[in-house]
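Student: Just start-v4.cif, nothing more (mmCIF, C-alpha atoms and all ligand atoms):
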```
data_model
loop_
_atom_site.label_atom_id
_atom_site.label_comp_id
_atom_site.auth_asym_id
_atom_site.auth_seq_id
_atom_site.Cartn_x
_atom_site.Cartn_y
_atom_site.Cartn_z
CA MET A 141 3.62 -5.89 9.23
CA LYS A 142 3.11 -5.55 5.46
CA LEU A 143 0.15 -3.41 4.37
CA LEU A 144 -1.95 -3.24 1.23
CA VAL A 145 -4.23 -0.23 0.97
CA ALA A 146 -7.13 -0.06 -1.49
CA ASN A 147 -7.83 3.55 -2.42
CA TRP A 148 -11.17 3.36 -4.22
CA LYS A 149 -11.21 7.15 -4.77
CA MET A 150 -14.66 8.36 -5.93
CA ASN A 151 -15.74 4.94 -7.20
CA LYS A 152 -18.17 2.31 -5.92
CA SER A 153 -21.32 3.20 -4.08
CA TYR A 154 -23.08 1.02 -1.48
CA ASN A 155 -23.89 -2.20 -3.33
CA ASP A 156 -20.98 -2.25 -5.70
CA GLY A 157 -18.59 -1.60 -2.81
CA LEU A 158 -20.16 -4.31 -0.69
CA LYS A 159 -20.03 -6.86 -3.51
CA THR A 160 -16.38 -6.11 -4.22
CA LEU A 161 -15.43 -6.47 -0.59
CA GLN A 162 -17.41 -9.67 -0.19
CA SER A 163 -15.47 -11.24 -3.07
CA VAL A 164 -12.19 -9.95 -1.67
CA ARG A 165 -12.99 -11.44 1.72
CA LYS A 166 -13.71 -14.85 0.25
CA LYS A 167 -10.26 -14.99 -1.31
CA ILE A 168 -7.86 -13.32 1.11
CA LYS A 169 -7.44 -13.13 4.88
CA ASN A 170 -5.71 -10.69 7.13
CA ASN A 171 -3.15 -12.10 9.51
CA LYS A 172 -0.39 -10.92 11.84
CA LYS A 173 2.09 -10.54 9.01
CA LYS A 174 -0.03 -8.79 6.37
CA ARG A 175 -3.15 -6.69 6.35
CA TYR A 176 -5.36 -5.10 3.72
CA ILE A 177 -7.15 -1.85 4.39
CA ILE A 178 -10.07 -0.54 2.36
CA LEU A 179 -10.70 3.15 1.74
CA PRO A 180 -14.20 3.44 0.23
CA PRO A 181 -15.91 6.78 -0.37
CA ILE A 182 -16.84 7.63 3.21
CA GLN A 183 -20.61 7.63 2.63
CA SER A 184 -20.43 3.96 1.60
CA THR A 185 -18.28 2.88 4.52
CA LEU A 186 -20.90 2.66 7.24
CA TYR A 187 -23.27 0.67 5.02
CA ILE A 188 -20.54 -1.72 3.87
CA LYS A 189 -19.26 -2.19 7.43
CA ASP A 190 -22.78 -2.92 8.68
CA LYS A 191 -23.68 -5.42 5.99
CA LEU A 192 -20.31 -7.13 5.97
CA ASP A 193 -20.29 -7.41 9.76
CA ALA A 194 -16.66 -8.53 9.84
CA LYS A 195 -14.10 -7.64 12.46
CA ASP A 196 -11.18 -8.78 10.35
CA VAL A 197 -11.52 -6.05 7.71
CA PHE A 198 -9.94 -2.65 8.31
CA PHE A 199 -11.39 0.57 6.96
CA GLY A 200 -10.04 4.03 6.42
CA SER A 201 -11.07 7.38 5.02
CA GLN A 202 -9.52 9.02 1.97
CA ASP A 203 -9.33 12.40 3.73
CA CYS A 204 -10.42 14.33 6.83
CA SER A 205 -11.12 17.95 7.64
CA GLN A 206 -8.44 20.19 9.09
CA TYR A 207 -11.10 21.49 11.52
CA ASN A 208 -12.70 19.90 14.58
CA ASN A 209 -16.32 20.77 13.85
CA GLY A 210 -18.52 23.73 12.91
CA ALA A 211 -19.59 25.59 9.77
CA PHE A 212 -17.44 23.78 7.20
CA THR A 213 -19.89 22.70 4.50
CA GLY A 214 -19.03 19.38 2.88
CA ASP A 215 -16.28 18.50 5.34
CA ILE A 216 -16.05 15.39 7.51
CA SER A 217 -14.11 15.52 10.77
CA ALA A 218 -11.53 13.05 12.02
CA GLU A 219 -13.82 12.41 14.98
CA MET A 220 -16.72 11.43 12.69
CA ILE A 221 -14.42 9.12 10.75
CA LYS A 222 -13.27 7.50 13.95
CA LYS A 223 -16.85 7.12 15.17
CA ILE A 224 -17.97 5.15 12.14
CA GLY A 225 -15.20 2.69 12.90
CA CYS A 226 -12.36 3.70 10.59
CA LYS A 227 -8.89 3.03 11.93
CA TYR A 228 -6.95 4.77 9.15
CA VAL A 229 -6.98 8.02 7.20
CA LEU A 230 -5.14 8.85 3.99
CA LEU A 231 -3.65 12.35 3.90
CA GLY A 232 -1.56 14.28 1.40
CA HIS A 233 -2.60 12.32 -1.68
CA SER A 234 -1.39 14.17 -4.77
CA GLU A 235 -4.96 14.49 -6.07
CA ARG A 236 -5.91 16.38 -2.89
CA ARG A 237 -2.76 18.46 -3.10
CA SER A 238 -3.28 19.47 -6.72
CA LEU A 239 -7.08 19.47 -7.27
CA TYR A 240 -8.01 20.90 -3.86
CA PHE A 241 -4.88 22.99 -3.31
CA GLU A 242 -3.98 21.31 -0.04
CA ASP A 243 -0.61 22.68 1.00
CA SER A 244 1.66 21.72 3.87
CA LYS A 245 -0.07 24.13 6.26
CA VAL A 246 -3.44 22.47 5.68
CA LEU A 247 -1.90 19.00 5.84
CA PHE A 248 -0.16 19.85 9.10
CA GLU A 249 -3.57 20.68 10.61
CA LYS A 250 -5.17 17.53 9.17
CA ILE A 251 -2.40 15.40 10.66
CA LYS A 252 -3.05 17.07 14.02
CA ARG A 253 -6.81 16.39 13.86
CA ALA A 254 -6.27 12.76 12.83
CA SER A 255 -3.64 12.24 15.55
CA GLU A 256 -5.97 13.66 18.20
CA GLN A 257 -8.42 10.90 17.24
CA LYS A 258 -5.64 8.29 17.27
CA LEU A 259 -6.29 7.41 13.65
CA LYS A 260 -3.43 5.79 11.81
CA ILE A 261 -2.29 8.22 9.13
CA ILE A 262 -1.14 7.08 5.72
CA PHE A 263 0.74 10.14 4.51
CA CYS A 264 1.60 10.42 0.81
CA VAL A 265 4.67 12.05 -0.64
CA GLY A 266 6.00 12.01 -4.18
CA GLU A 267 7.70 14.10 -6.81
CA ARG A 268 6.56 15.54 -10.14
CA LEU A 269 7.97 14.24 -13.41
CA TYR A 270 9.94 17.49 -13.64
CA ASP A 271 11.80 16.74 -10.39
CA TYR A 272 12.33 13.11 -11.32
CA LYS A 273 13.89 14.07 -14.64
CA LYS A 274 16.20 16.56 -12.91
CA ASN A 275 17.25 13.88 -10.42
CA LYS A 276 15.69 15.90 -7.62
CA SER A 277 13.06 13.42 -6.38
CA ILE A 278 14.42 12.97 -2.89
CA GLN A 279 14.94 16.70 -2.30
CA PHE A 280 11.28 17.30 -3.19
CA ILE A 281 10.13 14.50 -0.90
CA ILE A 282 12.29 15.55 2.05
CA LYS A 283 10.72 19.00 1.89
CA GLN A 284 7.24 17.46 1.89
CA LEU A 285 8.18 15.46 4.99
CA LEU A 286 9.89 18.22 6.95
CA ASP A 287 7.08 20.68 6.18
CA VAL A 288 4.60 18.61 8.21
CA PHE A 289 6.56 16.51 10.70
CA ASN A 290 8.55 17.71 13.72
CA GLU A 291 9.88 16.45 17.09
CA LYS A 292 6.33 16.52 18.48
CA THR A 293 4.92 14.17 15.83
CA ASN A 294 3.65 10.85 17.15
CA PHE A 295 5.35 8.62 14.59
CA GLY A 296 3.73 5.55 16.10
CA ASN A 297 0.63 6.52 14.10
CA ILE A 298 2.36 7.39 10.84
CA ILE A 299 2.73 5.23 7.74
CA LEU A 300 4.30 6.87 4.70
CA ALA A 301 3.44 6.19 1.08
CA TYR A 302 5.80 7.06 -1.74
CA GLU A 303 3.74 7.87 -4.82
CA PRO A 304 5.55 9.54 -7.71
CA ILE A 305 2.86 11.81 -9.17
CA TRP A 306 3.76 10.78 -12.70
CA ALA A 307 3.21 7.11 -11.85
CA ILE A 308 -0.36 7.49 -10.56
CA GLY A 309 -2.86 6.00 -13.00
CA THR A 310 -0.39 6.06 -15.87
CA SER A 311 0.84 2.43 -16.02
CA ILE A 312 4.37 3.81 -15.69
CA THR A 313 6.52 3.18 -12.63
CA PRO A 314 10.06 4.09 -11.64
CA LYS A 315 12.61 1.29 -11.99
CA ALA A 316 12.60 -1.15 -9.06
CA GLN A 317 16.02 0.07 -7.90
CA GLU A 318 14.82 3.66 -7.95
CA ILE A 319 11.82 2.78 -5.78
CA ASP A 320 14.01 0.96 -3.27
CA SER A 321 16.50 3.78 -3.13
CA ILE A 322 13.81 6.43 -2.48
CA HIS A 323 12.27 4.28 0.25
CA PHE A 324 15.67 3.84 1.86
CA LYS A 325 16.29 7.60 1.76
CA ILE A 326 12.86 8.37 3.24
CA LYS A 327 13.52 5.97 6.12
CA LYS A 328 16.98 7.46 6.61
CA THR A 329 15.61 11.01 6.71
CA ILE A 330 13.08 10.09 9.40
CA LYS A 331 15.78 8.27 11.36
CA ASP A 332 18.35 11.07 11.10
CA LYS A 333 15.90 13.88 11.89
CA PHE A 334 13.62 12.25 14.44
CA ASN A 335 15.44 9.16 15.61
CA ILE A 336 12.62 6.88 14.41
CA LEU A 337 13.84 3.56 13.09
CA ASN A 338 12.38 1.88 10.05
CA ILE A 339 9.18 3.89 9.55
CA PRO A 340 6.84 1.91 7.25
CA VAL A 341 6.90 3.16 3.66
CA LEU A 342 4.40 1.86 1.10
CA TYR A 343 4.78 2.26 -2.63
CA GLY A 344 1.91 3.54 -4.78
CA GLY A 345 1.51 4.40 -8.46
CA SER A 346 0.44 1.91 -11.14
CA VAL A 347 0.87 -1.19 -8.98
CA LYS A 348 -0.73 -4.20 -10.67
CA SER A 349 -0.48 -7.96 -10.22
CA SER A 350 2.04 -7.98 -13.08
CA ASN A 351 4.57 -5.79 -11.23
CA SER A 352 3.66 -6.15 -7.54
CA ASP A 353 5.86 -9.18 -6.96
CA GLU A 354 8.98 -7.31 -8.04
CA ILE A 355 8.04 -4.14 -6.11
CA PHE A 356 7.12 -5.94 -2.88
CA SER A 357 10.29 -7.98 -2.91
CA LEU A 358 12.35 -4.79 -2.56
CA LYS A 359 14.11 -4.52 0.78
CA HIS A 360 12.71 -1.15 1.86
CA VAL A 361 9.14 -1.49 0.58
CA ASP A 362 6.61 -2.32 3.32
CA GLY A 363 3.53 -2.70 1.15
CA GLY A 364 1.44 -0.89 -1.43
CA LEU A 365 -1.17 1.79 -1.98
CA ILE A 366 -3.37 0.67 -4.84
CA GLY A 367 -5.77 2.83 -6.85
CA GLY A 368 -7.16 1.52 -10.15
CA ALA A 369 -6.22 -2.12 -9.58
CA SER A 370 -8.00 -2.16 -6.21
CA LEU A 371 -11.38 -1.72 -7.90
CA ILE A 372 -11.30 -5.26 -9.30
CA ALA A 373 -11.56 -7.81 -6.50
CA SER A 374 -9.63 -10.59 -8.27
CA GLU A 375 -6.80 -8.24 -9.24
CA PHE A 376 -6.53 -6.80 -5.72
CA CYS A 377 -6.40 -10.33 -4.26
CA LYS A 378 -3.66 -11.34 -6.70
CA ILE A 379 -1.64 -8.30 -5.59
CA TYR A 380 -2.22 -9.25 -1.94
CA ASP A 381 -0.86 -12.71 -2.64
CA THR A 382 2.45 -11.21 -3.78
CA LEU A 383 2.82 -9.19 -0.56
P1 LIG B 401 -3.06 3.90 -9.21
O1 LIG B 401 -3.33 5.00 -8.06
O2 LIG B 401 -2.79 2.60 -8.53
O3 LIG B 401 -4.32 3.90 -10.01
O4 LIG B 401 -1.88 4.39 -9.99
C1 LIG B 401 -2.60 5.00 -6.88
C2 LIG B 401 -3.10 6.10 -5.97
O5 LIG B 401 -3.52 7.14 -6.45
O6 LIG B 401 -3.08 5.94 -4.74
#
```
Output the file's structure in the form of C-alpha cells.

Tutor:
Amino acid sequence: MKLLVANWKMNKSYNDGLKTLQSVRKKIKNNKKKRYIILPPIQSTLYIKDKLDAKDVFFGSQDCSQYNNGAFTGDISAEMIKKIGCKYVLLGHSERRSLYFEDSKVLFEKIKRASEQKLKIIFCVGERLYDYKKNKSIQFIIKQLLDVFNEKTNFGNIILAYEPIWAIGTSITPKAQEIDSIHFKIKKTIKDKFNILNIPVLYGGSVKSSNSDEIFSLKHVDGGLIGGASLIASEFCKIYDTL
C-alpha cells in the first residue's frame, strides 16, 4: 500500500485543523491501494476526530514519550496516543533529534513503547548536508537504522521515511535517481540484516505537487511524508493524486 503522511508539526489548532481535514476529505478518499494519514498536534486530534466522525481517516501522533507513565511533565505516552484512536506515531524526525536532543538510546525506548501499544511507527532517517556532500549519506543512514533496530524488532509495525535533513523545508531535494538509490539501499540493509523483504520507505523533504509525480514514480519509493505542503488542503490533495 502507498502512504501519504501529513506532518502538520506545531500548526493548526482545533478549528483550522478540522476545516483543513474536511476539505481534504471532500476531495480524496482512502482505498486499499493508497492511504493518507494525518498527524495533527496531539491536543487537536481528539477534537478533530470527534467532529469529523469518520472511520476512513487515519490519525497519528508526531511523537511519544520514552516512558510508560509517571512524573514526566509535558510528555504524552504511547498508551494515551493509542487510547485517543491514533494508529500511527512518527519517531526520529530530525527536528526532534536536533532541537530536543533525541539520540538513538531515547529513540530505541520510544520505539519499544510504541510497539508495546501496537502503534505503527513511521521512523525517520536522513543525512546532513555535510554527509551528502562527502558521498556518505547511506553510511550515516545505516548507522541510524542499526542503532535502533535489532533481531527482536517487530518490523511488521515499522515504516521508514527517508528525509535528508537539508531537504526539509528548503525547497531543495536530492535528484530523483539519488532518492531511488537511497531507498533501494535502505531496503537492502533491512533485508540483509534482518531478512525482512521490501520494508516500506517513504520519501520526505520539500515534496510538493510540482515534484511529487516524479518522486512517487520511482521504483523504491512507497509514498511521502509531507510537511509544509500538507498544511494547504488543495495542495495535499494534488500530491495524493500523484501517489
Ligand atoms: P517539508 O517537511 O515537506 O516541509 O520539507 C517534511 C518533514 O519535515 O517531514

Student: Between atom CA of A:Tyr207 and atom CA of A:Lys252, what is the spacing in Å?

Tutor: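 Spanning atom CA of A:Lys252 to atom CA of A:Tyr207 is a straight-line distance of 9.5 Å.
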
Student: Box for ligand LIG 401 (chain B): with edges along x, y and z, all listed atoms inside and 6 Å added on each side, what are the centre and edge lengths in Å to one decimal, as AutoDock Vina command-line options?

Tutor:
```
--center_x -3.1 --center_y 4.9 --center_z -7.4 --size_x 14.4 --size_y 16.5 --size_z 17.3
```

Student: Using Å and a single decimal, report how far atom CA of A:Asn151 sits from atom CA of A:Trp306.

Tutor: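 Interatomic distance, atom CA of A:Trp306 to atom CA of A:Asn151: 21.1 Å.
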
Student: Please check which protein, DNA or RNA residues sit within 10 Å of ligand LIG 401 (chain B), counting all atoms listed in the file, and write them as a count of residues only.

Tutor: 38

Student: Could you list, as a list in words, every residue within 7 Å of stretch 160-171 of chain A, counting all atoms listed in the file and ignoring same-chain residues fewer than 4 positions away?

Tutor: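 Listing them by chain and then by number gives Asp156, Arg175, Tyr176, Asp196, Ala373 and Cys377 of chain A.
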
Student: With distances taken over only C-alpha atoms, which residue among A:Lys292, A:Lys174, A:Lys223, A:Lys327 lies nearest A:Ile339?

Tutor: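 Comparing A:Lys292, A:Lys174, A:Lys223, A:Lys327 against A:Ile339, the winner is A:Lys327.
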
Student: Given the choices A:Lys222, A:Arg236, A:His360, A:Lys173, which gets closest to A:Ala316 if the distance is worked out from all atoms listed in the file?

Tutor: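 Looking only at the distances to A:Ala316, the closest residue turns out to be A:His360.
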
Student: Show me, as a PyMOL selection string, the residues that have an atom within 12 Å of A:Gln317 when counting all atoms listed in the file, minus same-chain residues fewer than 5 positions from it.

Tutor: chain A and resi 322-324+354-361

Student: Write a file of the selected residues as a PDB file, in the coordinates of the input, keeping C-alpha atoms.

Tutor:
```pdb
ATOM      1  CA  ILE A 322      13.810   6.430  -2.480  1.00  0.00           C
ATOM      2  CA  HIS A 323      12.270   4.280   0.250  1.00  0.00           C
ATOM      3  CA  PHE A 324      15.670   3.840   1.860  1.00  0.00           C
ATOM      4  CA  GLU A 354       8.980  -7.310  -8.040  1.00  0.00           C
ATOM      5  CA  ILE A 355       8.040  -4.140  -6.110  1.00  0.00           C
ATOM      6  CA  PHE A 356       7.120  -5.940  -2.880  1.00  0.00           C
ATOM      7  CA  SER A 357      10.290  -7.980  -2.910  1.00  0.00           C
ATOM      8  CA  LEU A 358      12.350  -4.790  -2.560  1.00  0.00           C
ATOM      9  CA  LYS A 359      14.110  -4.520   0.780  1.00  0.00           C
ATOM     10  CA  HIS A 360      12.710  -1.150   1.860  1.00  0.00           C
ATOM     11  CA  VAL A 361       9.140  -1.490   0.580  1.00  0.00           C
TER      12      VAL A 361
END
```

Student: Have a look at atom CA of A:Ile224 and atom CA of A:Ser153 and let me know their distance in Å, one decimal.

Tutor: 16.7 Å

Student: Can you work out which one of A:Phe334, A:Phe263, A:Tyr228, A:Phe280 has the shortest atom-to-atom distance to A:Phe198, counting all atoms listed in the file?

Tutor: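 Smallest distance to A:Phe198 is found for A:Tyr228.
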
Student: Which one is closest to A:Lys260: A:Lys245, A:Lys227, A:Lys276, A:Lys315? Count all atoms listed in the file.

Tutor: A:Lys227

Student: A:Leu158: which residues within 9 Å, counting all atoms listed in the file, same-chain residues fewer than 4 positions away excluded, as a VMD selection string?

Tutor: chain A and resid 152 to 154 162 to 163 184 187 to 189 191 to 192

Student: If you count only C-alpha atoms, which residues fall within 12 Å of stretch 209-220 of chain A, apart from same-chain ones fewer than 6 positions away, as JSON, numbers by chain?

Tutor: {"A": [181, 182, 183, 185, 186, 200, 201, 202, 203, 226, 227, 228, 229, 230, 231, 249, 250, 251, 252, 253, 254, 255, 256, 257, 258, 259, 260, 261]}

Student: With C-alpha atoms retained, write the just-selected residues as a short mmCIF file (atom, residue, chain, number, x, y, z; two decimals), in the coordinates of the input.

Tutor:
```
data_model
loop_
_atom_site.label_atom_id
_atom_site.label_comp_id
_atom_site.auth_asym_id
_atom_site.auth_seq_id
_atom_site.Cartn_x
_atom_site.Cartn_y
_atom_site.Cartn_z
CA PRO A 181 -15.91 6.78 -0.37
CA ILE A 182 -16.84 7.63 3.21
CA GLN A 183 -20.61 7.63 2.63
CA THR A 185 -18.28 2.88 4.52
CA LEU A 186 -20.90 2.66 7.24
CA GLY A 200 -10.04 4.03 6.42
CA SER A 201 -11.07 7.38 5.02
CA GLN A 202 -9.52 9.02 1.97
CA ASP A 203 -9.33 12.40 3.73
CA CYS A 226 -12.36 3.70 10.59
CA LYS A 227 -8.89 3.03 11.93
CA TYR A 228 -6.95 4.77 9.15
CA VAL A 229 -6.98 8.02 7.20
CA LEU A 230 -5.14 8.85 3.99
CA LEU A 231 -3.65 12.35 3.90
CA GLU A 249 -3.57 20.68 10.61
CA LYS A 250 -5.17 17.53 9.17
CA ILE A 251 -2.40 15.40 10.66
CA LYS A 252 -3.05 17.07 14.02
CA ARG A 253 -6.81 16.39 13.86
CA ALA A 254 -6.27 12.76 12.83
CA SER A 255 -3.64 12.24 15.55
CA GLU A 256 -5.97 13.66 18.20
CA GLN A 257 -8.42 10.90 17.24
CA LYS A 258 -5.64 8.29 17.27
CA LEU A 259 -6.29 7.41 13.65
CA LYS A 260 -3.43 5.79 11.81
CA ILE A 261 -2.29 8.22 9.13
#
```

Student: Can you work out which one of A:Leu337, A:Ile379, A:Ile326, A:Val265 has the shortest atom-to-atom distance to A:Ser350, counting only C-alpha atoms?

Tutor: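 Of A:Leu337, A:Ile379, A:Ile326, A:Val265, the one nearest A:Ser350 is A:Ile379, counting only C-alpha atoms.
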
Student: For A:Lys142, which of A:Ile299, A:Ile336, A:Ile282, A:Ile178 is the closest residue, counting all atoms listed in the file?

Tutor: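 Nearest candidate to A:Lys142 out of A:Ile299, A:Ile336, A:Ile282, A:Ile178: A:Ile299.
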
Student: Using N, CA, C and O atoms, give me stretch 172-184 of chain A from the structure I just pasted, as a PDB file, in the first residue's frame.

Tutor:
```pdb
ATOM      1  N   LYS A 172      -7.822   0.650  -0.776  1.00  0.00           N
ATOM      2  CA  LYS A 172      -6.915  -0.446  -0.415  1.00  0.00           C
ATOM      3  C   LYS A 172      -5.500  -0.220  -0.937  1.00  0.00           C
ATOM      4  O   LYS A 172      -4.547  -0.794  -0.447  1.00  0.00           O
ATOM      5  N   LYS A 173      -5.400   0.612  -1.973  1.00  0.00           N
ATOM      6  CA  LYS A 173      -4.089   0.791  -2.595  1.00  0.00           C
ATOM      7  C   LYS A 173      -3.331   1.989  -2.050  1.00  0.00           C
ATOM      8  O   LYS A 173      -2.109   2.045  -2.066  1.00  0.00           O
ATOM      9  N   LYS A 174      -4.057   3.024  -1.604  1.00  0.00           N
ATOM     10  CA  LYS A 174      -3.363   4.185  -1.046  1.00  0.00           C
ATOM     11  C   LYS A 174      -4.125   4.802   0.107  1.00  0.00           C
ATOM     12  O   LYS A 174      -5.351   4.768   0.146  1.00  0.00           O
ATOM     13  N   ARG A 175      -3.348   5.351   1.044  1.00  0.00           N
ATOM     14  CA  ARG A 175      -3.940   5.837   2.286  1.00  0.00           C
ATOM     15  C   ARG A 175      -3.234   7.126   2.713  1.00  0.00           C
ATOM     16  O   ARG A 175      -2.018   7.209   2.630  1.00  0.00           O
ATOM     17  N   TYR A 176      -4.020   8.106   3.142  1.00  0.00           N
ATOM     18  CA  TYR A 176      -3.386   9.266   3.775  1.00  0.00           C
ATOM     19  C   TYR A 176      -3.584   9.212   5.284  1.00  0.00           C
ATOM     20  O   TYR A 176      -4.584   8.688   5.772  1.00  0.00           O
ATOM     21  N   ILE A 177      -2.595   9.728   5.964  1.00  0.00           N
ATOM     22  CA  ILE A 177      -2.558   9.690   7.432  1.00  0.00           C
ATOM     23  C   ILE A 177      -2.261  11.110   7.903  1.00  0.00           C
ATOM     24  O   ILE A 177      -1.367  11.766   7.362  1.00  0.00           O
ATOM     25  N   ILE A 178      -3.033  11.573   8.886  1.00  0.00           N
ATOM     26  CA  ILE A 178      -2.859  12.955   9.350  1.00  0.00           C
ATOM     27  C   ILE A 178      -2.231  12.962  10.740  1.00  0.00           C
ATOM     28  O   ILE A 178      -2.696  12.262  11.646  1.00  0.00           O
ATOM     29  N   LEU A 179      -1.187  13.776  10.883  1.00  0.00           N
ATOM     30  CA  LEU A 179      -0.541  13.934  12.187  1.00  0.00           C
ATOM     31  C   LEU A 179      -0.753  15.374  12.672  1.00  0.00           C
ATOM     32  O   LEU A 179       0.094  16.234  12.448  1.00  0.00           O
ATOM     33  N   PRO A 180      -1.888  15.647  13.335  1.00  0.00           N
ATOM     34  CA  PRO A 180      -2.096  16.996  13.875  1.00  0.00           C
ATOM     35  C   PRO A 180      -1.321  17.137  15.182  1.00  0.00           C
ATOM     36  O   PRO A 180      -0.845  16.146  15.731  1.00  0.00           O
ATOM     37  N   PRO A 181      -1.218  18.375  15.715  1.00  0.00           N
ATOM     38  CA  PRO A 181      -0.720  18.487  17.087  1.00  0.00           C
ATOM     39  C   PRO A 181      -1.675  17.659  17.958  1.00  0.00           C
ATOM     40  O   PRO A 181      -2.892  17.731  17.768  1.00  0.00           O
ATOM     41  N   ILE A 182      -1.153  16.901  18.882  1.00  0.00           N
ATOM     42  CA  ILE A 182      -1.968  15.872  19.547  1.00  0.00           C
ATOM     43  C   ILE A 182      -3.181  16.458  20.281  1.00  0.00           C
ATOM     44  O   ILE A 182      -4.228  15.831  20.353  1.00  0.00           O
ATOM     45  N   GLN A 183      -3.067  17.696  20.783  1.00  0.00           N
ATOM     46  CA  GLN A 183      -4.216  18.251  21.513  1.00  0.00           C
ATOM     47  C   GLN A 183      -5.396  18.534  20.586  1.00  0.00           C
ATOM     48  O   GLN A 183      -6.529  18.622  21.036  1.00  0.00           O
ATOM     49  N   SER A 184      -5.145  18.672  19.297  1.00  0.00           N
ATOM     50  CA  SER A 184      -6.238  18.919  18.358  1.00  0.00           C
ATOM     51  C   SER A 184      -6.883  17.616  17.868  1.00  0.00           C
ATOM     52  O   SER A 184      -8.008  17.619  17.372  1.00  0.00           O
TER      53      SER A 184
END
```
